[in-house]
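Everything below concerns the one structure shown next.
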Amino acid sequence: MSDVTNGHRSILVVGGGMSGLSAALEAAEAGLPVYIVEKEPYLGGRVARMNKYFPKLCPPSCGLEINFRRIKNNPLVRFFTMAEVTKISGVPGDFDVTVKLAPRYVNEKCTGCGVCAEAAETEISNPFDYGLSKVKAAYLPHEFAFPMRYVLAPQVIGTAEAEKIRAACPYGAVDLDMQEKTFDLKVGAVVWATGWKPYDASKIAYYGAGRFQNVISNVVMERLASFNGPTQGRIVRPSDGAAVQKVAFVQCAGSRDENHLPYCSGICCLASLKQATYVLDQNPEASVTIFYIDIRALGKYEDFYAKVQKDARVRFVKGKAGEISENAETGQVTVQVEDQETGSILREGFDLVVLATGMVPSTADDKVPAEVTYDENGFLLPAQPSAGIVPAGCVKRPVDVASSVQDATAAALKAIQAMVRR
Amino acid sequence: MEKKIGVYLCTGCGIGDALDVAALAKVATGEHKVPVCRQHGFLCGEEGRKLIEDDLQQGVNTMVIAACSPRVMTDVFDFGADKVLERVNLREQVVWSHPAGDEDTQMMAEDYLRMGLTKAKEMEPPVPFQGENLSKRILVVGGGLTGLTAAKEAAGAGYDVVLVEKSDTLGGYVKNVHSVPPLGPPYEEPQSFDVEALVSAVTGSDKIKVYTGAQIQKIAGAPCMFDVTIQSNGSSVSERVGAVVLATGSVPYDAEKLAHLGYGSHADVVTADRLEAMLKEGRVVRPSNGQPAKSVAFVLCAGSRDPEHLPYCSAACCVESLKQAKVLKQQNPDMPVYIFYKDMRATGNYELFYKQVQKDGVVFVRGSVTAVEDDGSGALTVAAEDVLTRAPIVSESVDLVVLATGMVSTASLGKPYKAQQPKEGEEELEVPADTILVSNLLNLEYRQGPEVPALKYGFPDSHFICFPYESRRTGIYPAGTVRAPMDYARAMDDATGAALKAIQCVEMTSQGKAVHPRAGDLSYPEFFMQRCTQCKRCTEECPFGAINEDEKANPLPNPTRCRRCGVCMGACPERIISFKNYSVGMIGNVIKTIEVPEEDEEKPRIVVLACENDAYPALDMVGIRRAQYNPWVRVIPVRCLGSMNLVWIADALSKGIDGILLLGCKHGDDYQCHFVKGSELANIRMSKIKETLDRLVLESDRVRFEQVSITDYGRLPQILDDFAATLENVGPNPYKGF
């Protein structure tokens, strides 16, 4: 891109999920050098933990694999994992950025052989599975992890076990003295794409999430349904591991609720329709009930809604679930709802209740270390005070994967323009 | 290239413990007489890499690295594009997935090394294609909101743009709107939209050349070399451009077809765009008598979500109707306003707008409208059926009924293109056909048809969730409502994204690089025309319409349209299509280099042709999980299963290989093939293999096709073992030893 001559031509992309990867790759393939800064020890973000995408029911790893190959083949893309941006100062075309690297305790000599994990004894809660499973204290974040490099949990640092793990590695890749460190980057523009978090369903006290084992969130459902998840893909009741027959989805768990998230999270309707197919594909005898206010299946997603609607095993009940209670002995959970069809109060027991929890922008809690503007709910406004700091994806509004990629592509161009203008 | 080969055997990660490395080295130095063969216990470490670099100084230019999967350590083992590099996957696909110290495991490793050596010997570094008079200009077709935005954004990044608009003025639909739904917090009020500012930004830019009252008569050529003939004011001009953004938008669904909603029979039943025009004029009247409308009912999904009309949801009408209702309430807070809807689809922050409109007193009625009727006094009533209970609902009498008509893509307005019929005596090819609608938007001079192939409902959209800009015509990026129903805000984002894709295309193409998904690939297919029989298979099967035809029916490849999948190479019965580093002969020789034990050794051999994008990584995952699978298989990754040439199957069987397993992506409506129909084409070709098998007097069970996705690694061992069991039943290939 010959027009970009002044200042620094690099673009910093913060967040290595679907939006960040897309923004970085789309800019790099247009000829701009990019840096990706990702907080987790792997790239791929939230979608890496999902089983399938709606409406095609295809695996996220498929697109991630292509994106990782695009990174491997493109020398213009550099990335840092376990990294966070702590400071941004300057103007478009000339930003100074400070990046903080958390210690991985495993260096670039790691071959991914796994001997360290064999040497480790301590097991920690597996963050990739939202704590539903355990991993060794020396672990590969997940099977498809890119980069394919192990991590040592901070819990074991300073113990004899850590020494044992270090000694076990044939390649000198375990570095117990690794410290947190910071470094500076000079870049011309920043794309902020730190994505979203699921709304903490335990804040909706009357739904019992966190108290009742068989009330789970939709993101946990993705892990249950995934072959590389805690149950090897079997959808079971967390309380006793039993197969599920009767499953309920409670839509707008937090969303469209002035006490929680006043906005609509946009994706949960389709996510529940998709997860209904997971349940029924595994157990053709199962039944699914979806409690909803409106089914928001925009555009061609309507086809997917129509398909699920046609399935006699899926029942749609219009009404916002009021309360969920548990039979402590059987683990059965009962949903109480005012059925808008009949006007009567419905009480029905289920093996498993999935709360369709909404999206909270990561920027609601983790702010951009620069002067930027947010709306009341923590979303970054599309137009920012600095043309060189560009939001992309779910930090801007709650959207699905395709829209995130589309938005990230647009954000990449905005970032390029911010440098051209100088 | 004069090759000096170096073989580098890594003994780390368990490879040295599981295999007889000395014996492996003999395959290189003995059988293949490789001048340089080294071992190292940590090849990807500093010392290991230096070992290789030192040899490069001594003239080694072709490396066979037998270590981990080619999917990992790519940065460490990158020695530059001028070298030939072949990775032999001894780790994930041999020692991690097969027992250590086992004879079969050793044979597998030795075969893989032979195969890698054969491949390295035949590969040449690619020489990028360089076209002539390359253009980096972007053509934007359509001067509405999306087109104007795309033009402005591309110019803002420093690119020259040619904008072609059919009507005499720029602005499109948005030029006539009163306001747009809220674009920012607090999301409570409609906003005015300054279309004039956007138009002046475009007309005032010295980077943008605007043609109004103009149409695309013809687009010939390929990315960076598109020659566009524009008909403008009776004359024809030609422009050379590099890439295209298709932004011709949509039209409202034809309300004449909505007689059941009273359109046509009642003058006071109007469409949403008619109301918008009245709002803009500042006078909302009843067309029947010209008097101000004192009450209004909106009918949503007028045509949309209706199998008889538009089965899809038009995505923007709910919020657009909320906006119109809000404007009516702003003008007269006491006006009774009703909205009949099925589901109120106000996603994201539009939910806040919906709340506000509810607070403003608009009455929402959830029901399917069944009729709009005259109440006898000249006013109208809306009759509906409750969506859930089917109970009838009849509205109060209203002065005006507004139909929120859906969006119809301009790309869908055309008859299906009729492909050239085979001439007499020509065999008809069974190829999954693309839907190309003659919508008179681009008029591409492509043998496959004049427009971008359409997906369902005529939208020239991407089929890929992860890659929403992937149309099936390289360098042509549909954006805005031509590709999918969407609202204003989304269309502007979409336009910006499409502008970057167009920029990316011209940047990559001008360097001879492929665009997505093999982004950066410098190889391209070359045709040995002397042996071409004009069978048309390559032109028919290319999923991207890259190959045209001359008047003598010779294929005319357009390398800058090509995505380098190799489907043409797989299709060609004469084997005349090759890449510098990937060819029919090369893979054929890789197959022939596999050692086939004598029948009495009872060691069958299975060739697995695996899609390198999905099946191959899945096989790696089997290794990463340390699961085991059959040691008789020999996996050959292919760019796309569509690049599979049937001669490989014949080669394998005539050499005594017992069976061939093809692992490709899912095909059908929800296909996962990154090259659209490669896996489907492979399956079709395979179904025709029976003839070959009959000729060789072999059983058809020897060839099998399995659809696997990247996450199918749990079932892959079973798939391989099942096929091996089938082959044991069939018995050994009688061609062994010939």
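The chains in the structure tokens are called A, B, ... from first to last as shown; in each chain the residues are counted from 1, and the ligands are counted from 1 in the order shown.
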* Might you pull out every residue within 12 Å of Gly59 of chain B, with only C-alpha atoms counted and same-chain residues fewer than 5 positions away left off, and present them as a list of chain:residue names? => B:Glu2, B:Lys3, B:Lys4, B:Ile5, B:Gly6, B:Pro35, B:Val36, B:Ile52, B:Glu53, B:Asp54, B:Lys83
Just N, CA and C atoms for this one: save the residues we selected as a PDB file, in the first residue's frame.
```
ATOM      1  N   GLU B   2      18.151 -26.971 -10.396  1.00  0.00           N
ATOM      2  CA  GLU B   2      19.085 -28.072 -10.082  1.00  0.00           C
ATOM      3  C   GLU B   2      18.971 -28.344  -8.587  1.00  0.00           C
ATOM      4  N   LYS B   3      18.523 -29.553  -8.260  1.00  0.00           N
ATOM      5  CA  LYS B   3      18.228 -29.771  -6.841  1.00  0.00           C
ATOM      6  C   LYS B   3      19.360 -30.436  -6.091  1.00  0.00           C
ATOM      7  N   LYS B   4      19.591 -29.913  -4.903  1.00  0.00           N
ATOM      8  CA  LYS B   4      20.449 -30.636  -3.971  1.00  0.00           C
ATOM      9  C   LYS B   4      19.603 -30.885  -2.734  1.00  0.00           C
ATOM     10  N   ILE B   5      19.349 -32.167  -2.510  1.00  0.00           N
ATOM     11  CA  ILE B   5      18.388 -32.523  -1.466  1.00  0.00           C
ATOM     12  C   ILE B   5      19.079 -32.791  -0.139  1.00  0.00           C
ATOM     13  N   GLY B   6      18.497 -32.253   0.909  1.00  0.00           N
ATOM     14  CA  GLY B   6      18.918 -32.594   2.262  1.00  0.00           C
ATOM     15  C   GLY B   6      17.751 -33.223   3.004  1.00  0.00           C
ATOM     16  N   PRO B  35      22.321 -36.855  -1.069  1.00  0.00           N
ATOM     17  CA  PRO B  35      23.687 -36.520  -0.653  1.00  0.00           C
ATOM     18  C   PRO B  35      23.802 -36.108   0.818  1.00  0.00           C
ATOM     19  N   VAL B  36      22.773 -35.464   1.342  1.00  0.00           N
ATOM     20  CA  VAL B  36      22.851 -34.990   2.728  1.00  0.00           C
ATOM     21  C   VAL B  36      21.699 -35.579   3.529  1.00  0.00           C
ATOM     22  N   ILE B  52      20.441 -27.198   9.513  1.00  0.00           N
ATOM     23  CA  ILE B  52      19.860 -27.072   8.178  1.00  0.00           C
ATOM     24  C   ILE B  52      20.413 -25.832   7.478  1.00  0.00           C
ATOM     25  N   GLU B  53      20.475 -24.745   8.206  1.00  0.00           N
ATOM     26  CA  GLU B  53      20.973 -23.500   7.603  1.00  0.00           C
ATOM     27  C   GLU B  53      22.405 -23.646   7.093  1.00  0.00           C
ATOM     28  N   ASP B  54      23.225 -24.370   7.835  1.00  0.00           N
ATOM     29  CA  ASP B  54      24.603 -24.594   7.393  1.00  0.00           C
ATOM     30  C   ASP B  54      24.631 -25.338   6.068  1.00  0.00           C
ATOM     31  N   LYS B  83      13.197 -21.957  -1.939  1.00  0.00           N
ATOM     32  CA  LYS B  83      13.620 -23.331  -1.648  1.00  0.00           C
ATOM     33  C   LYS B  83      12.413 -24.263  -1.768  1.00  0.00           C
TER      34      LYS B  83
END
```
Restrict the calculation to only C-alpha atoms, then for each residue of chain A with any atom at most 7 Å from an atom of chain B give the closest atom pair and their distance in Å to one decimal, rows by chain and rising residue number, as JSON lines.
```
{"residue": "A:Asp3", "atom": "CA", "partner": "B:Gly158", "partner_atom": "CA", "distance": 6.3}
{"residue": "A:Glu29", "atom": "CA", "partner": "B:Gln504", "partner_atom": "CA", "distance": 5.9}
{"residue": "A:Ala30", "atom": "CA", "partner": "B:Gln504", "partner_atom": "CA", "distance": 4.2}
{"residue": "A:Lys56", "atom": "CA", "partner": "B:Asp670", "partner_atom": "CA", "distance": 5.5}
{"residue": "A:Pro59", "atom": "CA", "partner": "B:Thr711", "partner_atom": "CA", "distance": 6.8}
{"residue": "A:Ser61", "atom": "CA", "partner": "B:Ile710", "partner_atom": "CA", "distance": 6.8}
{"residue": "A:Cys62", "atom": "CA", "partner": "B:Ile710", "partner_atom": "CA", "distance": 5.9}
{"residue": "A:Gly63", "atom": "CA", "partner": "B:Cys466", "partner_atom": "CA", "distance": 5.8}
{"residue": "A:Arg70", "atom": "CA", "partner": "B:Ala519", "partner_atom": "CA", "distance": 6.6}
{"residue": "A:Lys72", "atom": "CA", "partner": "B:Thr74", "partner_atom": "CA", "distance": 6.4}
{"residue": "A:Lys109", "atom": "CA", "partner": "B:Gly45", "partner_atom": "CA", "distance": 6.2}
{"residue": "A:Cys113", "atom": "CA", "partner": "B:Cys13", "partner_atom": "CA", "distance": 5.4}
{"residue": "A:Glu143", "atom": "CA", "partner": "B:Met621", "partner_atom": "CA", "distance": 6.9}
{"residue": "A:Pro262", "atom": "CA", "partner": "B:Leu352", "partner_atom": "CA", "distance": 6.9}
{"residue": "A:Tyr263", "atom": "CA", "partner": "B:Asn349", "partner_atom": "CA", "distance": 5.1}
{"residue": "A:Cys264", "atom": "CA", "partner": "B:Gly348", "partner_atom": "CA", "distance": 4.5}
{"residue": "A:Ser265", "atom": "CA", "partner": "B:Gly348", "partner_atom": "CA", "distance": 5.5}
{"residue": "A:Gly266", "atom": "CA", "partner": "B:Thr347", "partner_atom": "CA", "distance": 5.0}
{"residue": "A:Asp294", "atom": "CA", "partner": "B:Asp343", "partner_atom": "CA", "distance": 4.9}
{"residue": "A:Ile295", "atom": "CA", "partner": "B:Asp343", "partner_atom": "CA", "distance": 6.0}
{"residue": "A:Arg296", "atom": "CA", "partner": "B:Arg345", "partner_atom": "CA", "distance": 5.1}
{"residue": "A:Leu298", "atom": "CA", "partner": "B:Ala315", "partner_atom": "CA", "distance": 5.0}
{"residue": "A:Gly299", "atom": "CA", "partner": "B:Cys313", "partner_atom": "CA", "distance": 4.4}
{"residue": "A:Lys300", "atom": "CA", "partner": "B:Tyr312", "partner_atom": "CA", "distance": 5.1}
{"residue": "A:Glu302", "atom": "CA", "partner": "B:Tyr312", "partner_atom": "CA", "distance": 5.5}
{"residue": "A:Asp303", "atom": "CA", "partner": "B:Tyr312", "partner_atom": "CA", "distance": 6.6}
{"residue": "A:Glu341", "atom": "CA", "partner": "B:Leu388", "partner_atom": "CA", "distance": 5.8}
{"residue": "A:Asp375", "atom": "CA", "partner": "B:Pro185", "partner_atom": "CA", "distance": 6.4}
{"residue": "A:Arg397", "atom": "CA", "partner": "B:Gly348", "partner_atom": "CA", "distance": 6.4}
{"residue": "A:Pro398", "atom": "CA", "partner": "B:Gly348", "partner_atom": "CA", "distance": 5.8}
{"residue": "A:Val401", "atom": "CA", "partner": "B:Ile465", "partner_atom": "CA", "distance": 6.6}
{"residue": "A:Ala402", "atom": "CA", "partner": "B:Ile465", "partner_atom": "CA", "distance": 4.9}
{"residue": "A:Val405", "atom": "CA", "partner": "B:Cys466", "partner_atom": "CA", "distance": 6.7}
{"residue": "A:Gln406", "atom": "CA", "partner": "B:Gly497", "partner_atom": "CA", "distance": 6.0}
{"residue": "A:Asp407", "atom": "CA", "partner": "B:Asp493", "partner_atom": "CA", "distance": 6.1}
{"residue": "A:Thr409", "atom": "CA", "partner": "B:Gly497", "partner_atom": "CA", "distance": 4.7}
{"residue": "A:Ala410", "atom": "CA", "partner": "B:Gly497", "partner_atom": "CA", "distance": 3.8}
{"residue": "A:Leu413", "atom": "CA", "partner": "B:Leu500", "partner_atom": "CA", "distance": 5.7}
{"residue": "A:Ile416", "atom": "CA", "partner": "B:Ala157", "partner_atom": "CA", "distance": 6.6}
{"residue": "A:Gln417", "atom": "CA", "partner": "B:Ala157", "partner_atom": "CA", "distance": 4.8}
{"residue": "A:Val420", "atom": "CA", "partner": "B:Ala157", "partner_atom": "CA", "distance": 6.2}
```
* **Backbone DSSP call of strand (DSSP E or B) for segment 295-411 of chain B, listed as JSON, numbers by chain** => {"B": [296, 297, 298, 299, 300, 301, 302, 304, 310, 337, 338, 339, 340, 341, 348, 363, 364, 365, 366, 367, 368, 369, 370, 371, 372, 373, 374, 380, 381, 382, 383, 384, 385, 386, 392, 393, 394, 398, 400, 401, 402, 403, 404, 405, 407, 408, 409]}
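Considering only segment 46-175 of chain A, backbone DSSP assigns alpha helix (DSSP H) to Pro60, Ser61, Cys62, Gly63, Leu64, Glu65, Ile66, Asn67, Phe68, Arg69, Arg70, Ile71, Lys72, Val115, Cys116, Ala117, Glu118, Ala119, Ala160, Glu161, Ala162, Glu163, Lys164, Ile165, Arg166, Ala167 and Ala168 of chain A.
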Write a file of the selected residues as a PDB file, in the first residue's frame, keeping C-alpha atoms.
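Writing done, so here's part-v6.pdb:
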```pdb
ATOM      1  CA  PRO A  60     -15.744 -23.619  14.330  1.00  0.00           C
ATOM      2  CA  SER A  61     -12.338 -25.349  14.159  1.00  0.00           C
ATOM      3  CA  CYS A  62     -12.775 -25.616  10.401  1.00  0.00           C
ATOM      4  CA  GLY A  63     -12.669 -21.852   9.856  1.00  0.00           C
ATOM      5  CA  LEU A  64     -10.106 -21.368  12.616  1.00  0.00           C
ATOM      6  CA  GLU A  65      -7.800 -23.865  10.919  1.00  0.00           C
ATOM      7  CA  ILE A  66      -7.917 -21.781   7.731  1.00  0.00           C
ATOM      8  CA  ASN A  67      -7.316 -18.587   9.673  1.00  0.00           C
ATOM      9  CA  PHE A  68      -4.374 -20.105  11.522  1.00  0.00           C
ATOM     10  CA  ARG A  69      -2.933 -21.211   8.217  1.00  0.00           C
ATOM     11  CA  ARG A  70      -3.342 -17.677   6.919  1.00  0.00           C
ATOM     12  CA  ILE A  71      -1.288 -16.536   9.918  1.00  0.00           C
ATOM     13  CA  LYS A  72       1.372 -19.202   9.407  1.00  0.00           C
ATOM     14  CA  VAL A 115       6.080 -34.981  28.560  1.00  0.00           C
ATOM     15  CA  CYS A 116       5.568 -32.134  31.041  1.00  0.00           C
ATOM     16  CA  ALA A 117       1.921 -33.061  31.491  1.00  0.00           C
ATOM     17  CA  GLU A 118       2.966 -36.631  32.236  1.00  0.00           C
ATOM     18  CA  ALA A 119       5.319 -35.361  34.909  1.00  0.00           C
ATOM     19  CA  ALA A 160       8.934 -29.346  44.001  1.00  0.00           C
ATOM     20  CA  GLU A 161       6.455 -30.507  41.383  1.00  0.00           C
ATOM     21  CA  ALA A 162       7.377 -27.571  39.193  1.00  0.00           C
ATOM     22  CA  GLU A 163      11.021 -28.602  39.416  1.00  0.00           C
ATOM     23  CA  LYS A 164      10.047 -32.112  38.432  1.00  0.00           C
ATOM     24  CA  ILE A 165       8.120 -30.794  35.442  1.00  0.00           C
ATOM     25  CA  ARG A 166      11.048 -28.633  34.414  1.00  0.00           C
ATOM     26  CA  ALA A 167      13.433 -31.554  34.682  1.00  0.00           C
ATOM     27  CA  ALA A 168      11.121 -33.773  32.648  1.00  0.00           C
TER      28      ALA A 168
END
```
* Asked: atom CA of Lys186 of chain A to atom CA of Asp96 of chain A: how many Å, to one decimal?
  ->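 Here the two named atoms are 4.9 Å from each other.
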